[in-house]
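Student: Before anything else, here's the structure in question.
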Amino acid sequence: MPIVDFMHECKLGTWKALFTHLLRLLYAPPCSSELVMALDNSNGVIHKFSNNTSEMKRLAAHDFENMLQLSISAPLIDLYCQCTIPVFDGLFPVGHDVLVQSLLYRFAEWHALAKLRMHSDSTIKSIGLRMKRFNLATYKFYAMGDYVRTIQFFGTTDSFTTQIIIKSCQGELAHQALKAFYPLTSKLNTLAQLAKHEHSCCILQQVAEFGDTQSSSSQLVANALPLVSYEKHHHIATTQNNPINIFAFLRENDNNPALKNFVSKLRDHIIYRLQELDTMQVHYTTYDMRHKYDMINPRTHGDVMVLSGETTPTHSYWYAWVFGIYHMEVWLSNGTQPVKQHLEVLWVRWLAAIQGYRSGTKNACLLKVGFVEESDQDAFGFLDPRQVIRGCGVSSLHYGKLLAHPEGQLDDWEEYFVGM
């Protein structure tokens, strides 16, 4: 029984064909140059395409996949933002734009489900496609219908490969190895020279594996992240290297809207010295029963999600942007002898769902959120780190030095997409 070829059938097949067709549609109107320029500039969103994406030059399978589903890579972090959806948003006329957004959502959804490392009956059912009359000219689209049977028989798509294995570079990465070796050749008798470079690479790899590993092991230990028990929900370092005088902090940022009612909101945690931290680890269990953690960093990735606090929520989760991570030592008294306690606090700005916008799987649209208006007394607040479920992928979001707005801007972005 033949198996599916995810890279060639999907990434370099159906998705590349769909993306190429969308480019043709952008070139069709009289204002095509402006539309294509907007595409190459990523239509103003923060997760940008590669330069001159419309030319589609020197793009490998992983480049096409990044266009469809941008990955935010970090150690033990697996976050994805649907990059193409916000980029194409608004480039087509209103009636056509809805169809294009729905098509991109469905393709990104199918792509995400096909790559799952653990399946259930519901996910297998979601991958299934409707029957169509066979056309040999578009075979790769029909091959997408074989994924249900292949996954049921052979397992998840990451458990097998149809690629020729190169010892120094396996699976899909073999393409990267050949492209890296090609500039080193004289373009004469290329195959023999590529084989020679690959053989040399294997020898160097064997030397590295069987040579003196003591120094490399000590270096790995020195550079390794601190050992943290996965039984803990999160981990915030207890360093006191960056003390902040709270009164000086308030004076220096007196006119900043993020500090409105700061003291009253923190009155139950009155402190003399506030310790500011750079990052926080949030531990969680993935759908395929693996332990992972997200690194929350206000300067690079500060978006988190928590369970909705509403009695009858319209959406299951709330979203927030973390721009301050603190731990403090406070003295709490309940009419008795004061007791010293160590507390951890996140300083956040809340994001709310755009009213009237239909999202979700049924509507084939990503969730749109926006910052709560500064005039709302609950726009800024403090959050218990134990309430954080995990980090989340948010497109079109800037991070800057200012506490309430993106760097160099006076206003907030109006809308943000939340990844699947």
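How things are named: the first chain in the structure tokens is A, the next is B, and so on; residues count from 1 in each chain; ligands count from 1 in the order shown.
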Any idea what's packed within 7 Å of A:Ile127, counting only C-alpha atoms, ignoring anything in its chain fewer than 5 positions away? Could you give it as a list in words?
Tutor: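 Listing them by chain and then by number gives Trp110, Leu113, Ala114 and Val148 of chain A.
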Student: Show me a table, sorted first by chain and then by increasing residue number, of the residues of stretch 276-371 of chain A having an atom at most 12 Å from stretch 253-258 of chain A, each with its shortest atom pair and the distance in Å to one decimal, counting only C-alpha atoms and written as a tab-separated table.
Tutor:
```
residue	atom	partner	partner_atom	distance
A:Trp321	CA	A:Ala258	CA	12.0
A:Val322	CA	A:Ala258	CA	11.8
A:Phe323	CA	A:Ala258	CA	9.9
A:Gly324	CA	A:Ala258	CA	11.0
A:Trp347	CA	A:Ala258	CA	9.5
A:Val348	CA	A:Ala258	CA	9.1
A:Arg349	CA	A:Ala258	CA	7.9
A:Trp350	CA	A:Ala258	CA	11.1
```
Student: Output N, CA and C atoms of each residue in that selection to a file, as a tab-separated table (two decimals), in the first residue's frame.
Tutor:
```tsv
chain	number	residue	atom	x	y	z
A	321	TRP	N	-1.74	40.58	27.28
A	321	TRP	CA	-0.35	40.88	26.93
A	321	TRP	C	0.40	41.17	28.23
A	322	VAL	N	1.39	40.36	28.54
A	322	VAL	CA	2.19	40.53	29.75
A	322	VAL	C	3.31	41.52	29.47
A	323	PHE	N	3.35	42.62	30.20
A	323	PHE	CA	4.46	43.55	30.04
A	323	PHE	C	5.17	43.81	31.36
A	324	GLY	N	4.96	42.95	32.33
A	324	GLY	CA	5.69	43.03	33.59
A	324	GLY	C	5.58	41.72	34.35
A	347	TRP	N	1.87	41.64	35.43
A	347	TRP	CA	1.22	42.91	35.11
A	347	TRP	C	0.80	42.83	33.65
A	348	VAL	N	-0.49	42.93	33.36
A	348	VAL	CA	-1.01	42.62	32.03
A	348	VAL	C	-1.91	43.73	31.51
A	349	ARG	N	-2.08	43.72	30.20
A	349	ARG	CA	-3.11	44.51	29.54
A	349	ARG	C	-4.01	43.53	28.80
A	350	TRP	N	-5.32	43.64	29.01
A	350	TRP	CA	-6.25	42.65	28.52
A	350	TRP	C	-6.64	42.88	27.07
```
Student: Quick one: distance from atom CA of A:Leu59 to atom CA of A:Leu194 in Å, one decimal?
Tutor: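 Between atom CA of A:Leu59 and atom CA of A:Leu194 the gap is 20.2 Å.
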Student: Have a look at atom CA of A:Ala108 and atom CA of A:Asn297 and let me know their distance in Å, one decimal.
Tutor: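 One can read the atom CA of A:Ala108 to atom CA of A:Asn297 distance as 26.9 Å.
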Student: Select, from A:Cys201, A:Leu91, A:Met305, A:Ala61, the residue with the minimum atom-to-atom distance to A:Ser32, counting only C-alpha atoms.
Tutor: A:Leu91
